>>> print(open('target17.cif').read())   # mmCIF, C-alpha atoms and all ligand atoms
data_coords
#
loop_
_atom_site.group_PDB
_atom_site.id
_atom_site.type_symbol
_atom_site.label_atom_id
_atom_site.label_comp_id
_atom_site.auth_asym_id
_atom_site.auth_seq_id
_atom_site.Cartn_x
_atom_site.Cartn_y
_atom_site.Cartn_z
ATOM 1 C CA MET A 27 215.271 56.459 53.463
ATOM 2 C CA PRO A 28 212.927 55.630 50.608
ATOM 3 C CA THR A 29 212.073 51.947 51.022
ATOM 4 C CA TYR A 30 210.247 50.067 48.260
ATOM 5 C CA SER A 31 208.873 46.531 48.134
ATOM 6 C CA VAL A 32 208.781 44.953 44.688
ATOM 7 C CA VAL A 33 205.745 42.679 44.640
ATOM 8 C CA SER A 34 203.482 40.482 42.562
ATOM 9 C CA MET A 35 201.500 37.357 43.278
ATOM 10 C CA LYS A 36 202.533 35.947 39.896
ATOM 11 C CA GLY A 37 205.936 34.305 39.535
ATOM 12 C CA GLY A 38 208.444 35.188 36.863
ATOM 13 C CA VAL A 39 207.053 38.602 35.929
ATOM 14 C CA GLY A 40 210.300 40.421 36.722
ATOM 15 C CA LYS A 41 210.302 41.422 40.391
ATOM 16 C CA THR A 42 213.940 40.473 40.790
ATOM 17 C CA SER A 43 214.901 42.032 37.466
ATOM 18 C CA VAL A 44 213.284 45.348 38.440
ATOM 19 C CA THR A 45 214.967 45.167 41.855
ATOM 20 C CA LEU A 46 218.355 44.610 40.219
ATOM 21 C CA GLY A 47 217.677 47.261 37.557
ATOM 22 C CA LEU A 48 216.980 49.874 40.239
ATOM 23 C CA ALA A 49 220.052 48.769 42.201
ATOM 24 C CA SER A 50 222.050 49.099 38.992
ATOM 25 C CA ALA A 51 220.736 52.624 38.414
ATOM 26 C CA ALA A 52 221.792 53.555 41.953
ATOM 27 C CA TRP A 53 225.172 51.891 41.445
ATOM 28 C CA SER A 54 225.843 53.725 38.192
ATOM 29 C CA ARG A 55 225.404 57.114 39.795
ATOM 30 C CA GLY A 56 227.280 56.265 42.990
ATOM 31 C CA ASP A 57 224.183 56.290 45.201
ATOM 32 C CA ARG A 58 224.078 54.064 48.264
ATOM 33 C CA VAL A 59 221.575 51.255 47.893
ATOM 34 C CA LEU A 60 220.482 48.377 50.130
ATOM 35 C CA VAL A 61 218.844 45.365 48.480
ATOM 36 C CA ILE A 62 216.897 43.140 50.858
ATOM 37 C CA ASP A 63 216.291 39.716 49.343
ATOM 38 C CA LEU A 64 213.110 38.378 50.945
ATOM 39 C CA ASP A 65 212.700 35.543 48.439
ATOM 40 C CA PRO A 66 213.905 32.062 49.510
ATOM 41 C CA GLN A 67 214.890 31.517 45.852
ATOM 42 C CA ALA A 68 217.691 34.021 46.556
ATOM 43 C CA ASN A 69 217.786 35.274 42.949
ATOM 44 C CA ALA A 70 218.624 38.855 43.884
ATOM 45 C CA THR A 71 221.403 37.568 46.148
ATOM 46 C CA MET A 72 222.822 35.624 43.182
ATOM 47 C CA GLY A 73 222.429 38.549 40.787
ATOM 48 C CA LEU A 74 224.404 40.701 43.211
ATOM 49 C CA ARG A 75 227.040 37.945 43.457
ATOM 50 C CA VAL A 76 226.792 37.589 47.221
ATOM 51 C CA GLU A 77 227.921 34.103 48.234
ATOM 52 C CA ALA A 78 226.139 32.095 50.931
ATOM 53 C CA PRO A 79 226.733 34.225 54.005
ATOM 54 C CA SER A 80 226.443 32.568 57.421
ATOM 55 C CA PHE A 81 224.044 35.227 58.744
ATOM 56 C CA THR A 82 221.161 35.880 56.350
ATOM 57 C CA VAL A 83 217.868 37.686 56.312
ATOM 58 C CA ASN A 84 216.400 34.407 57.580
ATOM 59 C CA ASP A 85 218.419 34.761 60.797
ATOM 60 C CA VAL A 86 217.498 38.447 60.938
ATOM 61 C CA LEU A 87 213.769 37.615 60.855
ATOM 62 C CA ALA A 88 214.187 34.799 63.379
ATOM 63 C CA ASP A 89 215.903 37.198 65.768
ATOM 64 C CA ALA A 90 214.024 40.446 64.991
ATOM 65 C CA ARG A 91 215.701 42.470 67.733
ATOM 66 C CA PRO A 92 215.659 46.166 66.848
ATOM 67 C CA GLY A 93 218.515 46.925 64.492
ATOM 68 C CA VAL A 94 219.776 43.324 64.188
ATOM 69 C CA ALA A 95 219.843 43.686 60.375
ATOM 70 C CA ILE A 96 223.175 45.495 60.703
ATOM 71 C CA ASP A 97 224.851 42.186 61.551
ATOM 72 C CA ALA A 98 223.776 40.666 58.232
ATOM 73 C CA LEU A 99 224.793 43.446 55.820
ATOM 74 C CA GLN A 100 226.967 42.239 52.948
ATOM 75 C CA VAL A 101 228.790 44.333 50.385
ATOM 76 C CA SER A 102 228.123 43.274 46.801
ATOM 77 C CA PRO A 103 231.088 42.839 44.450
ATOM 78 C CA TRP A 104 229.222 45.374 42.268
ATOM 79 C CA GLY A 105 230.674 48.116 44.440
ATOM 80 C CA GLU A 106 231.146 49.402 47.962
ATOM 81 C CA HIS A 107 227.884 51.406 47.886
ATOM 82 C CA VAL A 108 225.756 48.339 47.121
ATOM 83 C CA HIS A 109 224.758 46.464 50.269
ATOM 84 C CA VAL A 110 222.699 43.297 50.509
ATOM 85 C CA LEU A 111 220.690 41.461 53.130
ATOM 86 C CA ALA A 112 221.135 38.068 51.524
ATOM 87 C CA SER A 113 218.589 35.286 51.350
ATOM 88 C CA GLU A 114 218.798 31.509 51.648
ATOM 89 C CA ARG A 115 216.360 28.664 51.064
ATOM 90 C CA ALA A 116 215.618 28.252 54.771
ATOM 91 C CA LEU A 117 213.875 31.635 54.606
ATOM 92 C CA GLU A 118 210.864 29.662 53.393
ATOM 93 C CA HIS A 119 210.218 28.763 57.059
ATOM 94 C CA ARG A 120 209.384 32.417 57.741
ATOM 95 C CA ASN A 121 206.560 32.556 55.204
ATOM 96 C CA THR A 122 203.973 31.579 57.783
ATOM 97 C CA VAL A 123 202.595 33.570 60.678
ATOM 98 C CA GLU A 124 204.553 33.046 63.886
ATOM 99 C CA GLY A 125 202.709 34.636 66.744
ATOM 100 C CA ARG A 126 201.462 38.180 67.134
ATOM 101 C CA HIS A 127 203.245 40.957 65.240
ATOM 102 C CA SER A 128 204.813 38.342 62.991
ATOM 103 C CA SER A 129 204.658 40.643 59.984
ATOM 104 C CA LEU A 130 206.502 43.429 61.800
ATOM 105 C CA ARG A 131 209.718 41.482 62.320
ATOM 106 C CA LEU A 132 211.569 42.996 59.365
ATOM 107 C CA ARG A 133 210.542 46.504 60.337
ATOM 108 C CA ALA A 134 211.897 45.919 63.848
ATOM 109 C CA ALA A 135 215.113 44.409 62.538
ATOM 110 C CA LEU A 136 215.715 47.421 60.283
ATOM 111 C CA ALA A 137 215.019 49.943 63.035
ATOM 112 C CA SER A 138 217.901 52.306 63.681
ATOM 113 C CA LEU A 139 219.885 51.152 60.668
ATOM 114 C CA PRO A 140 222.167 54.058 59.960
ATOM 115 C CA ARG A 141 220.293 56.346 57.557
ATOM 116 C CA ALA A 142 223.012 55.738 55.077
ATOM 117 C CA TYR A 143 221.100 54.631 52.005
ATOM 118 C CA ASP A 144 219.629 56.650 49.175
ATOM 119 C CA LEU A 145 217.356 53.715 48.364
ATOM 120 C CA VAL A 146 216.264 50.491 50.046
ATOM 121 C CA VAL A 147 214.606 47.970 47.748
ATOM 122 C CA ILE A 148 213.039 44.714 48.915
ATOM 123 C CA ASP A 149 212.677 41.841 46.440
ATOM 124 C CA CYS A 150 209.646 39.743 47.393
ATOM 125 C CA PRO A 151 208.735 36.129 46.634
ATOM 126 C CA PRO A 152 205.822 35.344 44.303
ATOM 127 C CA SER A 153 203.372 34.971 47.159
ATOM 128 C CA LEU A 154 201.482 37.271 49.451
ATOM 129 C CA GLY A 155 202.416 35.312 52.540
ATOM 130 C CA GLU A 156 204.202 36.450 55.638
ATOM 131 C CA LEU A 157 207.434 37.399 53.859
ATOM 132 C CA THR A 158 205.670 39.850 51.549
ATOM 133 C CA ARG A 159 203.621 41.168 54.473
ATOM 134 C CA ASN A 160 206.899 41.782 56.337
ATOM 135 C CA ALA A 161 208.271 43.629 53.308
ATOM 136 C CA LEU A 162 205.196 45.835 52.893
ATOM 137 C CA SER A 163 205.067 46.534 56.621
ATOM 138 C CA ALA A 164 208.649 47.825 56.474
ATOM 139 C CA SER A 165 208.196 49.907 53.284
ATOM 140 C CA ASP A 166 207.124 53.383 52.315
ATOM 141 C CA ALA A 167 205.647 52.085 49.095
ATOM 142 C CA ALA A 168 205.009 49.101 46.862
ATOM 143 C CA LEU A 169 206.164 48.718 43.282
ATOM 144 C CA ILE A 170 203.908 46.186 41.585
ATOM 145 C CA VAL A 171 205.469 44.407 38.625
ATOM 146 C CA THR A 172 203.457 42.765 35.896
ATOM 147 C CA GLU A 173 203.792 41.399 32.410
ATOM 148 C CA PRO A 174 201.165 42.540 29.935
ATOM 149 C CA GLY A 175 199.346 39.184 30.052
ATOM 150 C CA TYR A 176 196.080 38.003 31.524
ATOM 151 C CA PHE A 177 197.344 35.935 34.471
ATOM 152 C CA ALA A 178 200.041 38.452 35.352
ATOM 153 C CA LEU A 179 197.458 41.225 35.522
ATOM 154 C CA ARG A 180 195.404 39.165 37.954
ATOM 155 C CA GLY A 181 198.581 38.738 40.038
ATOM 156 C CA ALA A 182 199.096 42.512 39.989
ATOM 157 C CA GLU A 183 195.522 43.074 41.169
ATOM 158 C CA GLN A 184 196.058 40.661 44.044
ATOM 159 C CA ALA A 185 199.250 42.503 45.001
ATOM 160 C CA MET A 186 197.343 45.802 44.986
ATOM 161 C CA GLU A 187 194.778 44.274 47.342
ATOM 162 C CA ALA A 188 197.533 42.947 49.618
ATOM 163 C CA ALA A 189 199.122 46.403 49.765
ATOM 164 C CA GLU A 190 195.741 47.836 50.740
ATOM 165 C CA VAL A 191 195.386 45.263 53.541
ATOM 166 C CA ILE A 192 198.782 46.251 54.947
ATOM 167 C CA ARG A 193 197.956 49.941 54.584
ATOM 168 C CA SER A 194 194.803 49.503 56.608
ATOM 169 C CA SER A 195 196.503 47.420 59.300
ATOM 170 C CA THR A 196 200.233 47.492 60.096
ATOM 171 C CA ASN A 197 201.489 50.350 57.909
ATOM 172 C CA PRO A 198 199.015 53.202 57.264
ATOM 173 C CA LEU A 199 201.681 55.371 55.605
ATOM 174 C CA MET A 200 202.514 52.803 52.949
ATOM 175 C CA HIS A 201 201.078 53.254 49.461
ATOM 176 C CA ALA A 202 201.181 51.665 46.030
ATOM 177 C CA GLU A 203 203.674 53.811 44.140
ATOM 178 C CA ALA A 204 203.467 52.367 40.645
ATOM 179 C CA ILE A 205 202.540 49.390 38.511
ATOM 180 C CA ILE A 206 205.491 48.579 36.305
ATOM 181 C CA ILE A 207 204.947 46.737 33.037
ATOM 182 C CA ASN A 208 207.862 44.439 32.222
ATOM 183 C CA LYS A 209 208.746 42.243 29.238
ATOM 184 C CA ALA A 210 206.781 44.459 26.918
ATOM 185 C CA ARG A 211 206.630 43.809 23.178
ATOM 186 C CA PRO A 212 204.634 46.729 21.824
ATOM 187 C CA SER A 213 204.088 45.000 18.488
ATOM 188 C CA VAL A 214 201.869 42.353 20.105
ATOM 189 C CA ALA A 215 198.199 43.377 19.927
ATOM 190 C CA GLU A 216 197.228 41.199 22.908
ATOM 191 C CA GLN A 217 199.770 43.061 25.045
ATOM 192 C CA ARG A 218 198.457 46.447 23.931
ATOM 193 C CA ALA A 219 194.969 45.330 24.981
ATOM 194 C CA ARG A 220 196.234 44.274 28.416
ATOM 195 C CA ILE A 221 198.057 47.567 28.927
ATOM 196 C CA ALA A 222 194.885 49.439 27.986
ATOM 197 C CA GLU A 223 192.929 47.270 30.441
ATOM 198 C CA LEU A 224 195.407 48.000 33.227
ATOM 199 C CA THR A 225 195.348 51.731 32.513
ATOM 200 C CA ALA A 226 191.553 51.773 32.487
ATOM 201 C CA ILE A 227 191.547 50.305 36.002
ATOM 202 C CA TYR A 228 194.530 51.999 37.618
ATOM 203 C CA GLY A 229 195.062 55.168 35.582
ATOM 204 C CA ASP A 230 198.191 57.127 36.478
ATOM 205 C CA LEU A 231 199.360 54.402 38.814
ATOM 206 C CA VAL A 232 200.543 52.551 35.717
ATOM 207 C CA SER A 233 204.099 53.749 35.227
ATOM 208 C CA GLY A 234 204.904 55.462 31.962
ATOM 209 C CA VAL A 235 208.262 53.719 32.136
ATOM 210 C CA ILE A 236 207.765 50.362 30.411
ATOM 211 C CA VAL A 237 210.523 47.750 30.466
ATOM 212 C CA PRO A 238 210.940 46.046 27.077
ATOM 213 C CA GLU A 239 211.673 42.364 26.671
ATOM 214 C CA ARG A 240 215.405 42.047 25.988
ATOM 215 C CA ASN A 241 217.763 39.097 26.394
ATOM 216 C CA ALA A 242 220.390 41.437 27.832
ATOM 217 C CA ILE A 243 218.537 41.338 31.172
ATOM 218 C CA GLN A 244 219.024 37.595 31.454
ATOM 219 C CA GLN A 245 222.613 37.798 30.241
ATOM 220 C CA ALA A 246 223.589 40.477 32.766
ATOM 221 C CA GLU A 247 221.834 38.582 35.575
ATOM 222 C CA ALA A 248 223.603 35.341 34.691
ATOM 223 C CA ALA A 249 226.928 37.188 34.718
ATOM 224 C CA GLY A 250 226.077 38.854 38.042
ATOM 225 C CA MET A 251 226.590 42.286 36.482
ATOM 226 C CA PRO A 252 224.667 45.528 36.778
ATOM 227 C CA ILE A 253 222.735 46.168 33.558
ATOM 228 C CA HIS A 254 224.476 49.548 33.412
ATOM 229 C CA ALA A 255 227.769 47.701 32.944
ATOM 230 C CA TRP A 256 226.404 45.481 30.172
ATOM 231 C CA GLU A 257 227.916 46.856 27.017
ATOM 232 C CA SER A 258 225.464 46.281 24.190
ATOM 233 C CA PRO A 259 222.745 48.342 22.523
ATOM 234 C CA ALA A 260 220.100 46.506 24.583
ATOM 235 C CA GLY A 261 222.148 47.051 27.742
ATOM 236 C CA ALA A 262 222.249 50.785 27.018
ATOM 237 C CA GLU A 263 218.531 50.849 26.266
ATOM 238 C CA LEU A 264 217.665 49.047 29.521
ATOM 239 C CA SER A 265 220.017 51.304 31.496
ATOM 240 C CA GLY A 266 218.047 54.270 30.206
ATOM 241 C CA VAL A 267 214.780 52.600 31.174
ATOM 242 C CA PHE A 268 215.914 51.863 34.728
ATOM 243 C CA ASP A 269 217.403 55.362 35.059
ATOM 244 C CA ALA A 270 213.992 56.765 34.178
ATOM 245 C CA LEU A 271 212.280 54.450 36.659
ATOM 246 C CA TYR A 272 214.784 55.387 39.359
ATOM 247 C CA ASP A 273 214.199 59.092 38.737
ATOM 248 C CA ALA A 274 210.433 58.537 38.785
ATOM 249 C CA ILE A 275 210.375 56.843 42.183
ATOM 250 C CA MET A 276 213.082 58.763 44.018
ATOM 251 C CA PRO A 277 211.898 61.701 46.077
ATOM 252 C CA VAL A 278 213.319 65.033 45.017
ATOM 253 C CA ARG A 279 216.614 65.358 46.810
ATOM 254 C CA LEU A 280 217.923 68.580 48.244
ATOM 255 C CA THR A 281 221.273 69.258 46.693
ATOM 256 C CA THR A 282 224.148 70.187 48.956
ATOM 257 C CA GLU A 283 226.196 71.498 46.051
ATOM 258 C CA VAL A 284 227.121 75.142 46.268
ATOM 259 C CA PRO A 285 226.000 76.906 43.084
ATOM 260 C CA ARG A 286 228.879 78.250 41.056
HETATM 261 N N1 LIG A 301 212.480 42.684 30.421
HETATM 262 C C1 LIG A 301 212.892 41.430 30.316
HETATM 263 N N2 LIG A 301 213.304 40.930 29.140
HETATM 264 C C2 LIG A 301 213.718 39.644 29.028
HETATM 265 N N3 LIG A 301 213.797 38.788 30.045
HETATM 266 C C3 LIG A 301 213.397 39.229 31.255
HETATM 267 C C4 LIG A 301 212.937 40.565 31.467
HETATM 268 N N4 LIG A 301 212.625 40.700 32.766
HETATM 269 C C5 LIG A 301 212.892 39.524 33.348
HETATM 270 N N5 LIG A 301 213.351 38.635 32.457
HETATM 271 C C6 LIG A 301 213.719 37.234 32.703
HETATM 272 O O1 LIG A 301 212.556 36.534 33.077
HETATM 273 C C7 LIG A 301 212.859 35.608 34.113
HETATM 274 C C8 LIG A 301 211.997 35.927 35.330
HETATM 275 O O2 LIG A 301 212.358 37.226 35.787
HETATM 276 P P1 LIG A 301 212.540 37.510 37.339
HETATM 277 O O3 LIG A 301 213.340 36.427 37.980
HETATM 278 O O4 LIG A 301 213.003 38.899 37.490
HETATM 279 O O5 LIG A 301 211.016 37.383 37.794
HETATM 280 P P2 LIG A 301 210.451 37.318 39.281
HETATM 281 O O6 LIG A 301 209.125 37.968 39.264
HETATM 282 O O7 LIG A 301 211.453 37.837 40.237
HETATM 283 O O8 LIG A 301 210.302 35.751 39.462
HETATM 284 P P3 LIG A 301 209.943 35.001 40.838
HETATM 285 O O9 LIG A 301 208.490 35.230 41.039
HETATM 286 O O10 LIG A 301 210.289 33.555 40.589
HETATM 287 O O11 LIG A 301 210.773 35.626 41.912
HETATM 288 C C9 LIG A 301 214.351 35.724 34.383
HETATM 289 O O12 LIG A 301 215.026 34.762 33.637
HETATM 290 C C10 LIG A 301 214.700 37.110 33.856
HETATM 291 O O13 LIG A 301 216.029 37.196 33.417
HETATM 292 MG MG MG A 302 212.286 36.947 41.900
#
>>> encode(input="target17.cif", output="structure tokens")
Amino acid sequence: MPTYSVVSMKGGVGKTSVTLGLASAAWSRGDRVLVIDLDPQANATMGLRVEAPSFTVNDVLADARPGVAIDALQVSPWGEHVHVLASERALEHRNTVEGRHSSLRLRAALASLPRAYDLVVIDCPPSLGELTRNALSASDAALIVTEPGYFALRGAEQAMEAAEVIRSSTNPLMHAEAIIINKARPSVAEQRARIAELTAIYGDLVSGVIVPERNAIQQAEAAGMPIHAWESPAGAELSGVFDALYDAIMPVRLTTEVPR
């Protein structure tokens, strides 16, 4: 199961929006997706309209028995193929190291989940603490989100370094998959300079799929709707963007269709 952590040290750059956009792309094509909300702010949980469950990802991390995540799976009102490990504010308590192997608790909890998902996407908090380390330790790859601004780029660099630390310690198979530029306004010269700076440093790692700044993202999130169901020109544009991102990160799938 392709499992991606969406990370950045900087807050507000669009981690949750990219997480929800990818979940929406999966939803629109009927793929099975699991969103793991590892942010105590619980924004992804809200965007997926999952209401305060009694057993959250906080309880899952506290327990950490192999496979315990199954007990916390929620179905989003978006559709039966969209599952959620919901967050709550108390998750903040898990952002510090608790004993040896503390950052492997999520990986253990997810072990032996039925291989039922086409995509697992983990929304991380704006910190590189124990929650993000748990996410990266349980992932195949990191998606680093940034805005094309100076501070955001520094946050992206710090996330790249954190991914490297995890790769060289708990999860040698994990890699940085892409740096995704969000809230882009191509007409702004300062932004173009930042994108050029990022590309000079990271080359092809910078995704060719750039997410434009559009109010429709905020409107769909506030309504708890997938962007693919948001009927407006901007909604259609963003759907196309997240479709392209989804296609770019998904491994080539073997088709089981019999050719006609
Ligand atoms: N492409 C975009 N165009 C316009 N608004 C956007 C876009 N992407 C995100 N936003 C808005 O910017 C705000 C921050 O986005 P989001 O919550 O996804 O960031 P985040 O990185 O998850 O933040 P945090 O670090 O607090 O978790 C939200 O109100 C969101 O709706
Ligand atoms: Mg967020």
>>> closest_atom_pairs(input="target17.cif", of="chain A", to="ligand LIG 301 (chain A)", cutoff="6 Å", atoms="all atoms listed in the file", output="CSV")
residue,atom,partner,partner_atom,distance
A:Gly37,CA,A:LIG301,O9,3.1
A:Gly38,CA,A:LIG301,O8,3.2
A:Val39,CA,A:LIG301,O6,4.0
A:Gly40,CA,A:LIG301,O4,3.2
A:Lys41,CA,A:LIG301,O7,3.8
A:Thr42,CA,A:LIG301,O7,3.7
A:Ser43,CA,A:LIG301,O4,3.7
A:Pro151,CA,A:LIG301,O11,5.2
A:Pro152,CA,A:LIG301,O9,4.2
A:Asn208,CA,A:LIG301,N1,5.3
A:Lys209,CA,A:LIG301,N1,3.9
A:Val237,CA,A:LIG301,N1,5.4
A:Pro238,CA,A:LIG301,N1,5.0
A:Glu239,CA,A:LIG301,N2,3.3
A:Arg240,CA,A:LIG301,N2,3.9
A:Asn241,CA,A:LIG301,C2,4.9
A:Ile243,CA,A:LIG301,O13,5.3
A:Gln244,CA,A:LIG301,O13,3.6
>>> closest_residue(input="target17.cif", among="A:Val171, A:Val123, A:Ala90, A:Ala161", to="ligand MG 302 (chain A)", atoms="all atoms listed in the file")
A:Val171
>>> residues_around(input="target17.cif", residues="Ile207 in chain A", least_positions_apart="5", cutoff="6 Å", atoms="only C-alpha atoms", output="list in words")
Thr172, Glu173 and Ile236 of chain A
>>> resolve_selection(input="target17.cif", expression="the PyMOL selection byres (((not hetatm)) within 12 of (chain A and resi 302))", output="PyMOL selection string")
chain A and resi 31-46+62-73+113+148-153+171+247
>>> residues_around(input="target17.cif", residues="Leu132 in chain A", least_positions_apart="5", cutoff="8 Å", atoms="only C-alpha atoms", output="list in words")
Val86, Leu87, Ala90, Asn160, Ala161, Ser163 and Ala164 of chain A
>>> resolve_selection(input="target17.cif", expression="the PyMOL selection byres (((chain A and resi 91) around 9) and not hetatm)", output="list in words")
Val86, Leu87, Ala88, Asp89, Ala90, Pro92, Gly93, Val94, Ala95, Arg131, Ala134, Ala135, Leu136 and Ala137 of chain A
>>> closest_residue(input="target17.cif", among="A:Ile206, A:Leu145, A:Val110, A:Ala189", to="Val232 in chain A", atoms="all atoms listed in the file")
A:Ile206
>>> residues_around(input="target17.cif", residues="Ser165 in chain A", least_positions_apart="5", cutoff="8 Å", atoms="all atoms listed in the file", output="JSON, numbers by chain")
{"A": [28, 29, 30, 31, 200]}
>>> closest_residue(input="target17.cif", among="A:Asp57, A:Glu263, A:Asp230, A:Glu223", to="Val146 in chain A", atoms="all atoms listed in the file")
A:Asp57
>>> resolve_selection(input="target17.cif", expression="the PyMOL selection byres (((chain A and resi 77) around 10) and not hetatm)", output="list in words")
Thr71, Met72, Leu74, Arg75, Val76, Ala78, Pro79, Ser80, Gln100, Ser102, Ala112 and Ser113 of chain A
>>> closest_residue(input="target17.cif", among="A:Leu157, A:Ala185, A:Leu231, A:Ala246", to="Ser129 in chain A", atoms="all atoms listed in the file")
A:Leu157
>>> closest_residue(input="target17.cif", among="A:Ala222, A:Val61, A:Ala202, A:Ala142", to="Ala98 in chain A", atoms="all atoms listed in the file")
A:Val61
>>> closest_residue(input="target17.cif", among="A:Thr196, A:Ser213, A:Asn121, A:Ser265", to="Trp53 in chain A", atoms="all atoms listed in the file")
A:Ser265
>>> atom_distance(input="target17.cif", atom1="CA of Thr122 in chain A", atom2="CA of Asn84 in chain A")
12.7 Å
